[in-house]
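Asks: The structure is given below, and queries will be raised subsequently.
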Amino acid sequence: MIARTSRKALNLFLAAALTFGMIALTNGNAPVQAAPDTSVLNQQNFSTDVIYQIVTDRFLDGNSANNPTGAAFSPGCQNLRVYCGGDWAGIIAKINDNYFTDLGISALWISQPVENIYAVINYSGVNNTAYHGYWARDFKKTNPAFGSMTEFQNLIQAAHAKNIKIIIDFAPNHTSPASETNPSFAENGRFYNNGVLMGSYTGDTSGYFHHNGGSNFATIEDGIYRNLYDLADFNHNNNTVDSYFKESIKLWLNMGIDGIRVDAVKHMPFGWQKSWMSYIYNYKPVFTFGEWFLGVNEISPENYHFANDSGMSLLDFEFGQTARQVFRDNTANMYDLDAMINRTAAAYTQIADQVTFIDNHDMDRFHTTGASARRLEQALAFTLTSRGVPAIYYGTEQYMTGNGDPDNRAMMTSFNRTSTAYQLTKKLALLRKTNPALAYGTTQQRWLNNDVYIYERKFGNNVTVIAINRGSAPVSISGLATSLPAGTYGDVLSGLLNGNSISASANGGVSTFTLGAGAVGVWQYTASASAPAIGNIGPDMGKAGNVVTIDGRGFGAAKGTVFFDTTAVTGATIVSWEDTQIKVVVPAIAAKKYQVKIRSSAGSDSNSYANYNVLSGDQVTVRFVVSGATTVFGENVYLAGNVAELGGWESAKAIGPMYNQVLHAYPTWYYDVSVPANTTLQYKYFKKNGQAIVWQSGNNRTFTTPTSGTATVHINW
């Protein structure tokens with residue numbers, strides 16, 4: 001995990017006038033008030049984008065006047081644990097000089113923009129500050145070292161003018177380092193509501209925080225309900241905290257952001273996060289992905305479940321760790337890489353929405369001093385041509401090095417546009433936009449040994465074939481079968497990584513060729529759609545009346561029909577219909593997961609796109625607690641009920657296993673669940689051991705949920 005000293009720390013591009021016409025600017029850090037902008041209903045599909053992650057303080061100092069003073073600032077960035085001067089003005093400067101546009105970047109993920117603590121904390125004799133943005137104090141104001149609200153608005157406007165989206169980091173798990181027994185330590189976890197003090201960690205009479213000690217990460221429960229290191233950990237089952245984070249994210253949505261990266265999703269109640277996402281999608285849906293850290297060789301069913309059921313995508317650590325093992329560390333081979341691709345394709349229901357990467361601010365940089373640059377270039381090529389939404393860490397295109405925190409967060413070293421990695425990214429970012437096989441396609445392994453991986457991405461009639469040889473010797477490639485039509489295909493990279501042309505026969509067979517040592521070749525074919533094909537749906541969760549965006553190819557120009565299972569949606573409830581995109585209102589149908597397909601006006605059906613999750617209505621979070629539920633070894637307690645959010649009485653879809661260690665101890669069990677607001681629920685608990693189920697006796701229990709906020713219902717077994 002991450003050292004405490006640094007803990008974190010849309011195919012529609014919007015015209016600036018459209019985005020900002022409804023927003024009233026105020027000076028300084030005052031909140032921006034705005035009505036929901038209905039023009040921002042399609043910020044969901046990032047599949048054709050390449051994201052560029054920026055640690056704002058470490059990119060470029062565009063306005064030295066906002067630099068902190070004294071011990072909080074390090075001129076020349078000699079102390080990497082304090083502020084070094086990077087700000088939004090610096091990012092704007094590189095937007096305006098087309099550094100990102102020339103690189104092929106169409107989305108910037110920036111550090112959490114909110115006001116952080118000002119204290120300089122001394123850990124083991126070294127000064128530390130909140131330069132990383134993860135020690136928040138007021139989620140409704142900006143970090144002045146990055147800029148004012150007006151300057152943030154300028155950033156949004158500059159980015160949108162260049163067709164670049166802005167993703168903000170957001171960390172609702174915690175405030176800042178705090179001590180239960182020493183209220184003078186740092187700022188004692190204090191948090192503010194637009195300048196008004198709400199509470200502190202010590203003397204927390206309002207119950208804003210958890211006070212269960214620091215996590216040892218032994219279980220998921222432990223990580224959720226204990227503090228992440230020494231950070232003041234929010235109690236999300238508190239009405240004030242719940243409303244505070246809905247109000248706060250609404251403010252940033254009103255500023256015109258296009259996406260949210262949510263910090264530490266593994267460490268917050270899953271039910272609260274699902275309820276919060278429902279609120280966002282009901283207000284102004286944007287692409288949202290969370291951070292669920294996985295170590296090397298770690299495979300987590302809970303990780304898959306979260307990505308498939310929370311309404312939020314994830315940073316794909318399984319992808320990143322395996323790519324690092326294969327291309328950086330030489331602890332795995334191409335068979336392992338292919339196995340990961342197949343495993344995750346089966347595990348994630350929305351595989352195209354998981355965010356892929358090879359390094360970030362919590363990992364050693366991919367490139368190491370003295371190592372071959374080609375391995376970095378190969379890993380980049382793999383990431384940019386694979387399923388998911390690729391994210392590049394700032395400076396990777398400049399071969400920056402640095403192992404460990406804070407060396408992996410050094411100041412940006414160069415803005416060279418001629419480096420091989422820069423040119424590689426530019427070429428493949430363009431290909432992601434022009435060939436939908438990379439954005440939406442399936443992946444099929446076509447040729448494989450320990451060092452060579454040749455795989456095909458295919459969507460409709462569109463094909464891309466990628467060959468990577470990480471070995472030190474050339475390999476003769478024979479018997480390669482593809483979906484390419486007959487013809488000769490030049491390397492998309494124009495030989496940048498020593499790829500060459502190939503020739504395909506009428507059946508897609510490729511003539512024997514040599515793939516050079518360390519070479520990467522990319523070949524592609526595009527064609528008009530012969531039938532409608534859905535590539536992506538976003539959001540993948542919503543209630544009746546919400547708008548969902550369907551992206552793909554071959555839909556036609558005239559309105560057809562959208563199906564949720566067998567329910568047909570036509571006419572005015574189809575908001576818009578274009579050949580590559582449809583926006584449709586979710587009909588009033590029963591809450592459950594649906595197969596979505598479209599029928600063109602010519603009567604041609606698309607593929608079915610699985611698991612659009614229709615909710616029962618507006619969501620609130622309820623903590624369900626049951627006492628006296630004794631169990632035998634191997635037995636766990638689950639919760640089921642009459643609404644889809646409680647599994648609809650199906651034991652296989654029930655909530656659980658429930659927790660019994662931190663907030664309550666065995667034989668008391670508990671779980672935070674997202675359920676429909678203002679609804680009388682019927683529910684019951686059951687014990688499960690393997691396939692054996694024992695239901696709680698007596699009548700169904702009932703509970704009426706609040707119209708907003710959170711609640712707790714506690715009964716005996």
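Just so we're on the same page: first chain in the structure tokens is A, next is B, and so on; residues restart at 1 for each chain, and ligands are numbered from 1 in the order they show up.
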Determine which residues of stretch 347-566 of chain A receive a DSSP assignment of strand (DSSP E or B), computed from the backbone, and state them as JSON, numbers by chain.
Replies: {"A": [355, 356, 389, 390, 391, 392, 393, 442, 443, 444, 445, 446, 447, 448, 452, 453, 454, 455, 456, 457, 458, 459, 462, 463, 464, 465, 466, 467, 468, 469, 475, 476, 477, 480, 481, 487, 488, 489, 502, 503, 504, 509, 510, 513, 514, 515, 520, 521, 522, 523, 524, 525, 533, 534, 535, 536, 537, 538, 541, 542, 547, 548, 549, 550, 551, 552, 553, 561, 562, 563, 564]}
Asks: With a distance cut-off of 10 Å and only C-alpha atoms, select the neighbouring residues of A:His664, excluding the residue or stretch itself and same-chain residues fewer than 5 positions from it, and output the selection as a PyMOL selection string.
Replies: chain A and resi 625-627+659+669-670
Asks: Nearest to A:Phe564 among A:Ala640, A:Val520, A:Leu646, A:Ala610, with distances taken over only C-alpha atoms: which residue is it?
Replies: A:Ala610
Asks: Can you tell me which residues surround A:Thr129 at a distance of at most 7 Å, considering only C-alpha atoms, apart from same-chain residues fewer than 3 positions away, and format the answer as a list in words?
Replies: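 Residues near the query, excluding close chain neighbours: Ala72, Arg81, Val82, Tyr83, Ala119, Val120 and Ile121 of chain A.
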Asks: What is the distance, in Å and to one decimal place, between atom CA of A:Ala529 and atom CA of A:Arg387?
Replies: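 Distance between the two atoms: 20.1 Å.
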Asks: Ranking A:Asn613, A:Asn237, A:Lys687, A:Phe327 by minimum distance to A:Gly634 and counting only C-alpha atoms, which one comes first?
Replies: A:Lys687
